>>> print(open('my_file.cif').read())   # mmCIF, N, CA and C atoms
data_upload
#
loop_
_atom_site.label_atom_id
_atom_site.label_comp_id
_atom_site.auth_asym_id
_atom_site.auth_seq_id
_atom_site.Cartn_x
_atom_site.Cartn_y
_atom_site.Cartn_z
N GLN V 935 8.80 189.00 -82.25
CA GLN V 935 9.93 189.67 -82.88
C GLN V 935 9.93 191.14 -82.50
N VAL V 936 11.10 191.67 -82.18
CA VAL V 936 11.26 193.06 -81.81
C VAL V 936 11.57 193.89 -83.05
N GLN V 937 10.98 195.06 -83.14
CA GLN V 937 11.31 196.01 -84.20
C GLN V 937 11.87 197.27 -83.55
N LEU V 938 12.87 197.86 -84.21
CA LEU V 938 13.54 199.04 -83.68
C LEU V 938 13.54 200.15 -84.72
N VAL V 939 13.23 201.36 -84.29
CA VAL V 939 13.22 202.51 -85.19
C VAL V 939 13.97 203.66 -84.54
N GLU V 940 15.09 204.07 -85.16
CA GLU V 940 15.90 205.16 -84.62
C GLU V 940 15.43 206.50 -85.17
N SER V 941 15.74 207.54 -84.42
CA SER V 941 15.51 208.91 -84.87
C SER V 941 16.44 209.83 -84.09
N GLY V 942 16.54 211.07 -84.54
CA GLY V 942 17.31 212.06 -83.80
C GLY V 942 18.66 212.42 -84.36
N GLY V 943 19.07 211.76 -85.43
CA GLY V 943 20.36 212.11 -86.02
C GLY V 943 20.30 213.46 -86.69
N GLY V 944 21.46 213.94 -87.14
CA GLY V 944 21.51 215.22 -87.82
C GLY V 944 22.94 215.71 -87.95
N SER V 945 23.06 216.98 -88.30
CA SER V 945 24.37 217.61 -88.49
C SER V 945 24.57 218.67 -87.42
N VAL V 946 25.71 218.60 -86.75
CA VAL V 946 26.03 219.59 -85.72
C VAL V 946 27.49 219.97 -85.84
N GLN V 947 27.84 221.07 -85.21
CA GLN V 947 29.25 221.47 -85.16
C GLN V 947 29.91 220.80 -83.96
N ALA V 948 31.21 220.70 -84.05
CA ALA V 948 31.97 220.12 -82.95
C ALA V 948 31.65 220.85 -81.64
N GLY V 949 31.50 220.07 -80.60
CA GLY V 949 31.13 220.63 -79.30
C GLY V 949 29.63 220.62 -79.05
N GLY V 950 28.86 220.34 -80.07
CA GLY V 950 27.40 220.33 -79.94
C GLY V 950 26.88 219.03 -79.36
N SER V 951 25.55 218.96 -79.29
CA SER V 951 24.89 217.80 -78.70
C SER V 951 23.77 217.30 -79.60
N LEU V 952 23.51 216.01 -79.48
CA LEU V 952 22.35 215.38 -80.14
C LEU V 952 21.84 214.29 -79.21
N ARG V 953 20.53 214.01 -79.32
CA ARG V 953 19.97 212.88 -78.59
C ARG V 953 19.30 211.95 -79.59
N LEU V 954 19.79 210.72 -79.63
CA LEU V 954 19.19 209.70 -80.48
C LEU V 954 18.14 208.94 -79.69
N SER V 955 17.09 208.54 -80.40
CA SER V 955 16.02 207.73 -79.79
C SER V 955 15.86 206.45 -80.59
N CYS V 956 15.46 205.40 -79.89
CA CYS V 956 15.21 204.11 -80.53
C CYS V 956 13.91 203.56 -79.95
N ALA V 957 12.85 203.60 -80.74
CA ALA V 957 11.56 203.10 -80.29
C ALA V 957 11.47 201.61 -80.58
N ALA V 958 11.17 200.84 -79.54
CA ALA V 958 11.08 199.39 -79.68
C ALA V 958 9.62 198.94 -79.64
N SER V 959 9.30 197.97 -80.46
CA SER V 959 7.95 197.41 -80.45
C SER V 959 8.06 195.90 -80.64
N GLY V 960 6.96 195.21 -80.38
CA GLY V 960 6.99 193.76 -80.50
C GLY V 960 7.26 193.11 -79.16
N TYR V 961 7.86 191.95 -79.19
CA TYR V 961 8.09 191.15 -77.99
C TYR V 961 9.34 191.65 -77.26
N THR V 962 9.24 192.87 -76.71
CA THR V 962 10.40 193.52 -76.12
C THR V 962 10.85 192.87 -74.82
N SER V 963 10.00 192.11 -74.16
CA SER V 963 10.38 191.50 -72.89
C SER V 963 11.45 190.43 -73.07
N SER V 964 11.67 189.99 -74.30
CA SER V 964 12.69 188.98 -74.56
C SER V 964 14.10 189.57 -74.62
N THR V 965 14.18 190.87 -74.67
CA THR V 965 15.49 191.53 -74.83
C THR V 965 16.21 191.63 -73.50
N VAL V 966 17.48 191.22 -73.46
CA VAL V 966 18.26 191.32 -72.23
C VAL V 966 19.33 192.39 -72.30
N CYS V 967 19.71 192.76 -73.51
CA CYS V 967 20.72 193.80 -73.67
C CYS V 967 20.35 194.64 -74.89
N MET V 968 20.42 195.95 -74.73
CA MET V 968 20.22 196.86 -75.86
C MET V 968 21.45 197.73 -75.99
N GLY V 969 21.70 198.17 -77.21
CA GLY V 969 22.91 198.95 -77.40
C GLY V 969 22.84 199.88 -78.59
N TRP V 970 23.84 200.72 -78.64
CA TRP V 970 24.06 201.62 -79.78
C TRP V 970 25.40 201.27 -80.41
N PHE V 971 25.38 201.13 -81.71
CA PHE V 971 26.59 200.89 -82.50
C PHE V 971 26.71 202.00 -83.53
N ARG V 972 27.88 202.16 -84.08
CA ARG V 972 28.06 203.13 -85.15
C ARG V 972 29.02 202.58 -86.18
N GLN V 973 28.85 203.08 -87.39
CA GLN V 973 29.72 202.64 -88.49
C GLN V 973 30.01 203.83 -89.39
N ALA V 974 31.29 204.15 -89.49
CA ALA V 974 31.74 205.20 -90.38
C ALA V 974 32.13 204.56 -91.71
N PRO V 975 32.12 205.33 -92.80
CA PRO V 975 32.48 204.78 -94.11
C PRO V 975 33.84 204.12 -94.10
N GLY V 976 33.91 202.91 -94.60
CA GLY V 976 35.17 202.21 -94.68
C GLY V 976 35.65 201.59 -93.38
N LYS V 977 34.84 201.68 -92.33
CA LYS V 977 35.24 201.13 -91.03
C LYS V 977 34.23 200.07 -90.58
N GLU V 978 34.69 199.25 -89.64
CA GLU V 978 33.81 198.22 -89.07
C GLU V 978 32.79 198.85 -88.11
N ARG V 979 31.69 198.13 -87.93
CA ARG V 979 30.70 198.59 -86.97
C ARG V 979 31.28 198.49 -85.57
N GLU V 980 31.10 199.56 -84.80
CA GLU V 980 31.73 199.69 -83.49
C GLU V 980 30.67 199.85 -82.39
N GLY V 981 30.82 199.10 -81.31
CA GLY V 981 29.92 199.26 -80.19
C GLY V 981 30.20 200.58 -79.47
N VAL V 982 29.16 201.34 -79.19
CA VAL V 982 29.29 202.63 -78.52
C VAL V 982 28.89 202.51 -77.05
N ALA V 983 27.72 201.94 -76.80
CA ALA V 983 27.23 201.80 -75.43
C ALA V 983 26.17 200.70 -75.39
N VAL V 984 26.10 200.02 -74.25
CA VAL V 984 25.06 199.00 -74.07
C VAL V 984 24.40 199.20 -72.72
N LEU V 985 23.17 198.71 -72.61
CA LEU V 985 22.40 198.84 -71.38
C LEU V 985 21.68 197.53 -71.10
N ARG V 986 21.89 197.00 -69.88
CA ARG V 986 21.24 195.77 -69.48
C ARG V 986 19.81 196.09 -69.08
N THR V 987 18.84 195.49 -69.76
CA THR V 987 17.44 195.88 -69.56
C THR V 987 16.93 195.52 -68.18
N GLY V 988 17.51 194.52 -67.55
CA GLY V 988 17.01 194.09 -66.24
C GLY V 988 17.32 195.06 -65.12
N ASN V 989 18.53 195.62 -65.13
CA ASN V 989 18.92 196.47 -64.00
C ASN V 989 19.51 197.81 -64.41
N GLY V 990 19.55 198.10 -65.69
CA GLY V 990 20.03 199.40 -66.14
C GLY V 990 21.53 199.55 -66.18
N TYR V 991 22.25 198.45 -65.95
CA TYR V 991 23.73 198.48 -66.00
C TYR V 991 24.20 198.93 -67.38
N THR V 992 25.18 199.82 -67.41
CA THR V 992 25.65 200.37 -68.68
C THR V 992 27.15 200.20 -68.87
N LEU V 993 27.55 200.13 -70.12
CA LEU V 993 28.96 200.07 -70.50
C LEU V 993 29.16 200.96 -71.71
N TYR V 994 30.36 201.58 -71.78
CA TYR V 994 30.67 202.48 -72.88
C TYR V 994 32.03 202.14 -73.48
N THR V 995 32.17 202.40 -74.75
CA THR V 995 33.49 202.32 -75.33
C THR V 995 34.30 203.51 -74.84
N ASP V 996 35.61 203.35 -74.75
CA ASP V 996 36.44 204.37 -74.11
C ASP V 996 36.32 205.74 -74.76
N SER V 997 36.18 205.78 -76.07
CA SER V 997 36.20 207.06 -76.78
C SER V 997 34.99 207.96 -76.49
N VAL V 998 33.94 207.40 -75.89
CA VAL V 998 32.74 208.22 -75.61
C VAL V 998 32.47 208.38 -74.12
N LYS V 999 33.26 207.75 -73.28
CA LYS V 999 33.04 207.86 -71.84
C LYS V 999 33.11 209.32 -71.40
N GLY V 1000 32.14 209.71 -70.58
CA GLY V 1000 32.07 211.07 -70.09
C GLY V 1000 31.37 212.04 -71.04
N ARG V 1001 31.10 211.59 -72.26
CA ARG V 1001 30.43 212.46 -73.25
C ARG V 1001 29.05 211.92 -73.64
N PHE V 1002 28.92 210.61 -73.72
CA PHE V 1002 27.66 209.99 -74.13
C PHE V 1002 27.00 209.30 -72.94
N THR V 1003 25.67 209.29 -72.96
CA THR V 1003 24.91 208.60 -71.92
C THR V 1003 23.80 207.78 -72.56
N ILE V 1004 23.78 206.49 -72.26
CA ILE V 1004 22.71 205.61 -72.73
C ILE V 1004 21.68 205.47 -71.62
N SER V 1005 20.40 205.50 -72.00
CA SER V 1005 19.34 205.36 -71.01
C SER V 1005 18.11 204.75 -71.66
N ARG V 1006 17.15 204.39 -70.83
CA ARG V 1006 15.96 203.75 -71.36
C ARG V 1006 14.73 204.22 -70.58
N ASP V 1007 13.67 204.51 -71.30
CA ASP V 1007 12.38 204.82 -70.69
C ASP V 1007 11.51 203.59 -70.87
N ASN V 1008 11.34 202.83 -69.81
CA ASN V 1008 10.61 201.57 -69.91
C ASN V 1008 9.15 201.79 -70.28
N ALA V 1009 8.56 202.86 -69.78
CA ALA V 1009 7.15 203.12 -70.06
C ALA V 1009 6.92 203.38 -71.55
N LYS V 1010 7.92 203.97 -72.19
CA LYS V 1010 7.80 204.29 -73.62
C LYS V 1010 8.49 203.26 -74.50
N ASN V 1011 9.13 202.26 -73.90
CA ASN V 1011 9.91 201.27 -74.66
C ASN V 1011 10.87 201.95 -75.62
N THR V 1012 11.56 202.94 -75.10
CA THR V 1012 12.47 203.72 -75.93
C THR V 1012 13.86 203.78 -75.30
N LEU V 1013 14.85 203.57 -76.13
CA LEU V 1013 16.26 203.66 -75.75
C LEU V 1013 16.80 204.99 -76.26
N TYR V 1014 17.64 205.63 -75.47
CA TYR V 1014 18.21 206.93 -75.85
C TYR V 1014 19.73 206.88 -75.83
N LEU V 1015 20.31 207.77 -76.60
CA LEU V 1015 21.75 208.01 -76.52
C LEU V 1015 21.94 209.53 -76.54
N GLN V 1016 22.25 210.09 -75.40
CA GLN V 1016 22.55 211.51 -75.30
C GLN V 1016 24.02 211.70 -75.62
N MET V 1017 24.30 212.50 -76.63
CA MET V 1017 25.68 212.70 -77.08
C MET V 1017 26.04 214.17 -76.89
N ASN V 1018 27.00 214.42 -76.03
CA ASN V 1018 27.48 215.78 -75.76
C ASN V 1018 28.92 215.91 -76.20
N SER V 1019 29.38 217.13 -76.32
CA SER V 1019 30.77 217.41 -76.71
C SER V 1019 31.16 216.61 -77.94
N LEU V 1020 30.33 216.64 -78.94
CA LEU V 1020 30.56 215.84 -80.13
C LEU V 1020 31.83 216.27 -80.86
N LYS V 1021 32.49 215.28 -81.45
CA LYS V 1021 33.73 215.50 -82.19
C LYS V 1021 33.54 215.04 -83.64
N PRO V 1022 34.33 215.55 -84.56
CA PRO V 1022 34.22 215.10 -85.95
C PRO V 1022 34.37 213.58 -86.08
N GLU V 1023 35.17 212.97 -85.23
CA GLU V 1023 35.37 211.52 -85.31
C GLU V 1023 34.16 210.73 -84.83
N ASP V 1024 33.14 211.41 -84.31
CA ASP V 1024 31.89 210.74 -83.95
C ASP V 1024 30.97 210.59 -85.16
N THR V 1025 31.35 211.19 -86.28
CA THR V 1025 30.54 211.10 -87.49
C THR V 1025 30.40 209.66 -87.94
N ALA V 1026 29.17 209.21 -88.10
CA ALA V 1026 28.90 207.81 -88.48
C ALA V 1026 27.39 207.61 -88.60
N MET V 1027 27.03 206.45 -89.12
CA MET V 1027 25.65 205.98 -89.04
C MET V 1027 25.51 205.27 -87.70
N TYR V 1028 24.51 205.66 -86.95
CA TYR V 1028 24.29 205.07 -85.63
C TYR V 1028 23.10 204.11 -85.68
N TYR V 1029 23.33 202.93 -85.10
CA TYR V 1029 22.31 201.88 -85.11
C TYR V 1029 21.95 201.48 -83.69
N CYS V 1030 20.68 201.25 -83.48
CA CYS V 1030 20.17 200.68 -82.25
C CYS V 1030 20.08 199.16 -82.45
N ALA V 1031 20.37 198.40 -81.40
CA ALA V 1031 20.35 196.95 -81.52
C ALA V 1031 19.85 196.30 -80.25
N ALA V 1032 19.29 195.12 -80.40
CA ALA V 1032 18.76 194.39 -79.25
C ALA V 1032 19.23 192.94 -79.29
N SER V 1033 19.52 192.40 -78.11
CA SER V 1033 19.94 191.01 -78.02
C SER V 1033 19.07 190.25 -77.02
N PRO V 1034 18.44 189.18 -77.47
CA PRO V 1034 17.69 188.34 -76.54
C PRO V 1034 18.54 187.23 -75.96
N ARG V 1035 19.79 187.10 -76.43
CA ARG V 1035 20.60 185.94 -76.09
C ARG V 1035 21.76 186.24 -75.17
N PHE V 1036 22.29 187.45 -75.21
CA PHE V 1036 23.50 187.76 -74.46
C PHE V 1036 23.28 188.92 -73.51
N TYR V 1037 23.72 188.73 -72.27
CA TYR V 1037 23.70 189.82 -71.32
C TYR V 1037 24.77 190.84 -71.69
N CYS V 1038 24.56 192.07 -71.29
CA CYS V 1038 25.52 193.12 -71.58
C CYS V 1038 26.83 192.85 -70.83
N SER V 1039 27.91 192.97 -71.55
CA SER V 1039 29.24 192.80 -70.98
C SER V 1039 30.21 193.50 -71.91
N GLY V 1040 31.47 193.53 -71.51
CA GLY V 1040 32.47 194.11 -72.38
C GLY V 1040 32.54 193.36 -73.71
N GLU V 1041 32.44 192.05 -73.65
CA GLU V 1041 32.48 191.24 -74.87
C GLU V 1041 31.28 191.54 -75.75
N THR V 1042 30.11 191.72 -75.15
CA THR V 1042 28.91 192.03 -75.93
C THR V 1042 29.03 193.39 -76.59
N LEU V 1043 29.60 194.34 -75.88
CA LEU V 1043 29.81 195.69 -76.45
C LEU V 1043 30.69 195.62 -77.70
N ARG V 1044 31.64 194.69 -77.68
CA ARG V 1044 32.59 194.59 -78.81
C ARG V 1044 32.09 193.65 -79.91
N SER V 1045 30.92 193.03 -79.73
CA SER V 1045 30.49 191.99 -80.66
C SER V 1045 29.11 192.30 -81.25
N ALA V 1046 29.10 192.93 -82.41
CA ALA V 1046 27.83 193.21 -83.08
C ALA V 1046 27.08 191.92 -83.40
N SER V 1047 27.80 190.83 -83.57
CA SER V 1047 27.16 189.55 -83.92
C SER V 1047 26.28 189.01 -82.81
N ARG V 1048 26.43 189.55 -81.60
CA ARG V 1048 25.59 189.08 -80.49
C ARG V 1048 24.22 189.72 -80.49
N PHE V 1049 24.01 190.67 -81.38
CA PHE V 1049 22.73 191.36 -81.45
C PHE V 1049 21.96 190.86 -82.67
N ASP V 1050 20.71 190.45 -82.43
CA ASP V 1050 19.92 189.84 -83.49
C ASP V 1050 19.00 190.82 -84.20
N VAL V 1051 18.67 191.91 -83.53
CA VAL V 1051 17.70 192.85 -84.08
C VAL V 1051 18.36 194.22 -84.23
N TRP V 1052 18.17 194.83 -85.38
CA TRP V 1052 18.80 196.11 -85.69
C TRP V 1052 17.78 197.08 -86.25
N GLY V 1053 17.99 198.36 -85.94
CA GLY V 1053 17.21 199.40 -86.58
C GLY V 1053 17.82 199.76 -87.92
N GLN V 1054 17.21 200.72 -88.59
CA GLN V 1054 17.66 201.09 -89.94
C GLN V 1054 18.83 202.07 -89.91
N GLY V 1055 19.08 202.66 -88.76
CA GLY V 1055 20.19 203.59 -88.63
C GLY V 1055 19.78 205.05 -88.77
N THR V 1056 20.54 205.91 -88.13
CA THR V 1056 20.33 207.36 -88.25
C THR V 1056 21.70 208.02 -88.34
N GLN V 1057 21.84 208.93 -89.28
CA GLN V 1057 23.15 209.53 -89.58
C GLN V 1057 23.46 210.68 -88.62
N VAL V 1058 24.67 210.66 -88.10
CA VAL V 1058 25.19 211.75 -87.29
C VAL V 1058 26.43 212.30 -87.98
N THR V 1059 26.43 213.60 -88.24
CA THR V 1059 27.56 214.26 -88.90
C THR V 1059 28.01 215.43 -88.04
N VAL V 1060 29.28 215.41 -87.67
CA VAL V 1060 29.85 216.46 -86.83
C VAL V 1060 30.93 217.18 -87.63
N SER V 1061 30.75 218.47 -87.80
CA SER V 1061 31.70 219.27 -88.57
C SER V 1061 32.62 220.05 -87.63
N SER V 1062 33.82 220.27 -88.11
CA SER V 1062 34.81 220.98 -87.27
C SER V 1062 34.72 222.48 -87.45
#
>>> encode(input="my_file.cif", output="structure tokens")
Amino acid sequence: QVQLVESGGGSVQAGGSLRLSCAASGYTSSTVCMGWFRQAPGKEREGVAVLRTGNGYTLYTDSVKGRFTISRDNAKNTLYLQMNSLKPEDTAMYYCAASPRFYCSGETLRSASRFDVWGQGTQVTVSS
């Protein structure tokens, strides 16, 4: 079983940057797709970015393209989300997730149900 622990959230002003980290432990070799999701109060959980563990292929939701970068340090078993040019609408709880069943694709990015393992979340707040 894989365990995920996020860190790096916080409060920043619009235009600022944050880097989220997700430390993975356990049977990580079973994971084929890892991703970052976010959920704002009163809204559904939204896929932000996913990364295919086999070849590093990445996908982003349109609203973060060019501003966010997902990456992975295999030696540290850690997933990152570098967030630049943050906007107030990026405010949400951010979750790291892992899927042993589905390869990363546009459908996987849009489907939180395809991810079996979740971290506890880290809050990101962007003020205007």
>>> resolve_selection(input="my_file.cif", expression="the PyMOL selection byres ((chain V and resi 989-1004) around 7)", output="list in words")
Gly981, Val982, Ala983, Val984, Leu985, Arg986, Thr987, Gly988, Ser1005, Arg1006, Leu1013, Tyr1014, Leu1015, Gln1016, Met1017, Asn1018, Ser1019 and Ser1039 of chain V
>>> write_last_selection(input="my_file.cif", atoms="N, CA and C atoms", output="PDB file, in the coordinates of the input")
ATOM      1  N   GLY V 981      30.820 199.100 -81.310  1.00  0.00           N
ATOM      2  CA  GLY V 981      29.920 199.260 -80.190  1.00  0.00           C
ATOM      3  C   GLY V 981      30.200 200.580 -79.470  1.00  0.00           C
ATOM      4  N   VAL V 982      29.160 201.340 -79.190  1.00  0.00           N
ATOM      5  CA  VAL V 982      29.290 202.630 -78.520  1.00  0.00           C
ATOM      6  C   VAL V 982      28.890 202.510 -77.050  1.00  0.00           C
ATOM      7  N   ALA V 983      27.720 201.940 -76.800  1.00  0.00           N
ATOM      8  CA  ALA V 983      27.230 201.800 -75.430  1.00  0.00           C
ATOM      9  C   ALA V 983      26.170 200.700 -75.390  1.00  0.00           C
ATOM     10  N   VAL V 984      26.100 200.020 -74.250  1.00  0.00           N
ATOM     11  CA  VAL V 984      25.060 199.000 -74.070  1.00  0.00           C
ATOM     12  C   VAL V 984      24.400 199.200 -72.720  1.00  0.00           C
ATOM     13  N   LEU V 985      23.170 198.710 -72.610  1.00  0.00           N
ATOM     14  CA  LEU V 985      22.400 198.840 -71.380  1.00  0.00           C
ATOM     15  C   LEU V 985      21.680 197.530 -71.100  1.00  0.00           C
ATOM     16  N   ARG V 986      21.890 197.000 -69.880  1.00  0.00           N
ATOM     17  CA  ARG V 986      21.240 195.770 -69.480  1.00  0.00           C
ATOM     18  C   ARG V 986      19.810 196.090 -69.080  1.00  0.00           C
ATOM     19  N   THR V 987      18.840 195.490 -69.760  1.00  0.00           N
ATOM     20  CA  THR V 987      17.440 195.880 -69.560  1.00  0.00           C
ATOM     21  C   THR V 987      16.930 195.520 -68.180  1.00  0.00           C
ATOM     22  N   GLY V 988      17.510 194.520 -67.550  1.00  0.00           N
ATOM     23  CA  GLY V 988      17.010 194.090 -66.240  1.00  0.00           C
ATOM     24  C   GLY V 988      17.320 195.060 -65.120  1.00  0.00           C
ATOM     25  N   SER V1005      20.400 205.500 -72.000  1.00  0.00           N
ATOM     26  CA  SER V1005      19.340 205.360 -71.010  1.00  0.00           C
ATOM     27  C   SER V1005      18.110 204.750 -71.660  1.00  0.00           C
ATOM     28  N   ARG V1006      17.150 204.390 -70.830  1.00  0.00           N
ATOM     29  CA  ARG V1006      15.960 203.750 -71.360  1.00  0.00           C
ATOM     30  C   ARG V1006      14.730 204.220 -70.580  1.00  0.00           C
ATOM     31  N   LEU V1013      14.850 203.570 -76.130  1.00  0.00           N
ATOM     32  CA  LEU V1013      16.260 203.660 -75.750  1.00  0.00           C
ATOM     33  C   LEU V1013      16.800 204.990 -76.260  1.00  0.00           C
ATOM     34  N   TYR V1014      17.640 205.630 -75.470  1.00  0.00           N
ATOM     35  CA  TYR V1014      18.210 206.930 -75.850  1.00  0.00           C
ATOM     36  C   TYR V1014      19.730 206.880 -75.830  1.00  0.00           C
ATOM     37  N   LEU V1015      20.310 207.770 -76.600  1.00  0.00           N
ATOM     38  CA  LEU V1015      21.750 208.010 -76.520  1.00  0.00           C
ATOM     39  C   LEU V1015      21.940 209.530 -76.540  1.00  0.00           C
ATOM     40  N   GLN V1016      22.250 210.090 -75.400  1.00  0.00           N
ATOM     41  CA  GLN V1016      22.550 211.510 -75.300  1.00  0.00           C
ATOM     42  C   GLN V1016      24.020 211.700 -75.620  1.00  0.00           C
ATOM     43  N   MET V1017      24.300 212.500 -76.630  1.00  0.00           N
ATOM     44  CA  MET V1017      25.680 212.700 -77.080  1.00  0.00           C
ATOM     45  C   MET V1017      26.040 214.170 -76.890  1.00  0.00           C
ATOM     46  N   ASN V1018      27.000 214.420 -76.030  1.00  0.00           N
ATOM     47  CA  ASN V1018      27.480 215.780 -75.760  1.00  0.00           C
ATOM     48  C   ASN V1018      28.920 215.910 -76.200  1.00  0.00           C
ATOM     49  N   SER V1019      29.380 217.130 -76.320  1.00  0.00           N
ATOM     50  CA  SER V1019      30.770 217.410 -76.710  1.00  0.00           C
ATOM     51  C   SER V1019      31.160 216.610 -77.940  1.00  0.00           C
ATOM     52  N   SER V1039      27.910 192.970 -71.550  1.00  0.00           N
ATOM     53  CA  SER V1039      29.240 192.800 -70.980  1.00  0.00           C
ATOM     54  C   SER V1039      30.210 193.500 -71.910  1.00  0.00           C
TER      55      SER V1039
END
>>> closest_residue(input="my_file.cif", among="V:Leu954, V:Leu938, V:Ser1062, V:Arg1044", to="V:Ala1031", atoms="only N, CA and C atoms")
V:Leu938
>>> closest_residue(input="my_file.cif", among="V:Ser964, V:Thr1059, V:Gln935, V:Ser955", to="V:Asp1024", atoms="only N, CA and C atoms")
V:Thr1059
>>> select_by_dssp(input="my_file.cif", residues="chain V", states="strand (DSSP E or B)", output="ChimeraX atom specification")
/V:936-941,944-947,952-960,967-973,980-986,992-994,1002-1007,1012-1017,1026-1033,1051-1052,1056-1061
>>> resolve_selection(input="my_file.cif", expression="the PyMOL selection byres ((chain V and resi 936) around 6)", output="MDAnalysis selection string")
chainID V and resid 935 937:938 959:962
>>> write_last_selection(input="my_file.cif", atoms="N, CA and C atoms", output="tab-separated table (two decimals), keeping the file's coordinate frame")
chain	number	residue	atom	x	y	z
V	935	GLN	N	8.80	189.00	-82.25
V	935	GLN	CA	9.93	189.67	-82.88
V	935	GLN	C	9.93	191.14	-82.50
V	937	GLN	N	10.98	195.06	-83.14
V	937	GLN	CA	11.31	196.01	-84.20
V	937	GLN	C	11.87	197.27	-83.55
V	938	LEU	N	12.87	197.86	-84.21
V	938	LEU	CA	13.54	199.04	-83.68
V	938	LEU	C	13.54	200.15	-84.72
V	959	SER	N	9.30	197.97	-80.46
V	959	SER	CA	7.95	197.41	-80.45
V	959	SER	C	8.06	195.90	-80.64
V	960	GLY	N	6.96	195.21	-80.38
V	960	GLY	CA	6.99	193.76	-80.50
V	960	GLY	C	7.26	193.11	-79.16
V	961	TYR	N	7.86	191.95	-79.19
V	961	TYR	CA	8.09	191.15	-77.99
V	961	TYR	C	9.34	191.65	-77.26
V	962	THR	N	9.24	192.87	-76.71
V	962	THR	CA	10.40	193.52	-76.12
V	962	THR	C	10.85	192.87	-74.82
>>> select_by_dssp(input="my_file.cif", residues="chain V", states="alpha helix (DSSP H)", output="count of residues only")
4
>>> residues_around(input="my_file.cif", residues="V:Val939", least_positions_apart="2", cutoff="7 Å", atoms="only C-alpha atoms", output="count of residues only")
7
>>> atom_distance(input="my_file.cif", atom1="atom CA of V:Gln1057", atom2="atom C of V:Ser963")
27.8 Å
>>> closest_residue(input="my_file.cif", among="V:Met1027, V:Ala1032, V:Tyr1037, V:Asp1050", to="V:Arg972", atoms="all atoms listed in the file")
V:Met1027
>>> atom_distance(input="my_file.cif", atom1="atom N of V:Val946", atom2="atom CA of V:Asp1007")
25.0 Å
>>> residues_near_point(input="my_file.cif", point="(37.3, 195.8, -83.5)", cutoff="10 Å", atoms="only C-alpha atoms", output="list in words")
Lys977, Glu978, Arg979, Glu980, Gly981, Arg1044, Ser1045 and Ala1046 of chain V
>>> write_last_selection(input="my_file.cif", atoms="N, CA and C atoms", output="short mmCIF file (atom, residue, chain, number, x, y, z; two decimals), in the frame of the given file")
data_model
loop_
_atom_site.label_atom_id
_atom_site.label_comp_id
_atom_site.auth_asym_id
_atom_site.auth_seq_id
_atom_site.Cartn_x
_atom_site.Cartn_y
_atom_site.Cartn_z
N LYS V 977 34.84 201.68 -92.33
CA LYS V 977 35.24 201.13 -91.03
C LYS V 977 34.23 200.07 -90.58
N GLU V 978 34.69 199.25 -89.64
CA GLU V 978 33.81 198.22 -89.07
C GLU V 978 32.79 198.85 -88.11
N ARG V 979 31.69 198.13 -87.93
CA ARG V 979 30.70 198.59 -86.97
C ARG V 979 31.28 198.49 -85.57
N GLU V 980 31.10 199.56 -84.80
CA GLU V 980 31.73 199.69 -83.49
C GLU V 980 30.67 199.85 -82.39
N GLY V 981 30.82 199.10 -81.31
CA GLY V 981 29.92 199.26 -80.19
C GLY V 981 30.20 200.58 -79.47
N ARG V 1044 31.64 194.69 -77.68
CA ARG V 1044 32.59 194.59 -78.81
C ARG V 1044 32.09 193.65 -79.91
N SER V 1045 30.92 193.03 -79.73
CA SER V 1045 30.49 191.99 -80.66
C SER V 1045 29.11 192.30 -81.25
N ALA V 1046 29.10 192.93 -82.41
CA ALA V 1046 27.83 193.21 -83.08
C ALA V 1046 27.08 191.92 -83.40
#
>>> atom_distance(input="my_file.cif", atom1="atom N of V:Ala1026", atom2="atom CA of V:Phe971")
10.4 Å
>>> resolve_selection(input="my_file.cif", expression="the PyMOL selection byres (((chain V and resi 943 and name CA) around 8) and name CA)", output="number ranges by chain")
V: 941-942, 944-945, 952-954, 1056-1058
>>> closest_residue(input="my_file.cif", among="V:Asn1008, V:Gly969, V:Ser1061, V:Pro1022", to="V:Leu1043", atoms="only N, CA and C atoms")
V:Gly969
>>> axis_aligned_box(input="my_file.cif", around="stretch 937-949 of chain V", padding_each_side="8 Å", output="JSON")
{"center_x": 21.5, "center_y": 208.3, "center_z": -83.8, "size_x": 37.0, "size_y": 42.4, "size_z": 25.4}
>>> residues_around(input="my_file.cif", residues="V:Leu1020", least_positions_apart="2", cutoff="6 Å", atoms="only C-alpha atoms", output="PyMOL selection string")
chain V and resi 948-950+1018
>>> write_last_selection(input="my_file.cif", atoms="N, CA and C atoms", output="PDB file, in the frame of the given file")
ATOM      1  N   ALA V 948      31.210 220.700 -84.050  1.00  0.00           N
ATOM      2  CA  ALA V 948      31.970 220.120 -82.950  1.00  0.00           C
ATOM      3  C   ALA V 948      31.650 220.850 -81.640  1.00  0.00           C
ATOM      4  N   GLY V 949      31.500 220.070 -80.600  1.00  0.00           N
ATOM      5  CA  GLY V 949      31.130 220.630 -79.300  1.00  0.00           C
ATOM      6  C   GLY V 949      29.630 220.620 -79.050  1.00  0.00           C
ATOM      7  N   GLY V 950      28.860 220.340 -80.070  1.00  0.00           N
ATOM      8  CA  GLY V 950      27.400 220.330 -79.940  1.00  0.00           C
ATOM      9  C   GLY V 950      26.880 219.030 -79.360  1.00  0.00           C
ATOM     10  N   ASN V1018      27.000 214.420 -76.030  1.00  0.00           N
ATOM     11  CA  ASN V1018      27.480 215.780 -75.760  1.00  0.00           C
ATOM     12  C   ASN V1018      28.920 215.910 -76.200  1.00  0.00           C
TER      13      ASN V1018
END
>>> decode(input="my_file.cif", residues="stretch 1010-1021 of chain V", atoms="C-alpha atoms", output="mmCIF file, in the first residue's frame")
data_model
loop_
_atom_site.group_PDB
_atom_site.id
_atom_site.type_symbol
_atom_site.label_atom_id
_atom_site.label_comp_id
_atom_site.auth_asym_id
_atom_site.auth_seq_id
_atom_site.Cartn_x
_atom_site.Cartn_y
_atom_site.Cartn_z
ATOM 1 C CA LYS V 1010 13.377 10.718 -3.200
ATOM 2 C CA ASN V 1011 10.001 9.196 -4.178
ATOM 3 C CA THR V 1012 8.608 12.697 -4.111
ATOM 4 C CA LEU V 1013 6.128 14.418 -6.415
ATOM 5 C CA TYR V 1014 6.201 18.205 -6.768
ATOM 6 C CA LEU V 1015 3.888 20.914 -8.012
ATOM 7 C CA GLN V 1016 5.622 24.203 -8.724
ATOM 8 C CA MET V 1017 2.987 26.931 -8.826
ATOM 9 C CA ASN V 1018 3.913 30.318 -10.272
ATOM 10 C CA SER V 1019 1.851 33.418 -11.042
ATOM 11 C CA LEU V 1020 -0.727 32.324 -8.510
ATOM 12 C CA LYS V 1021 -4.229 33.770 -8.724
#
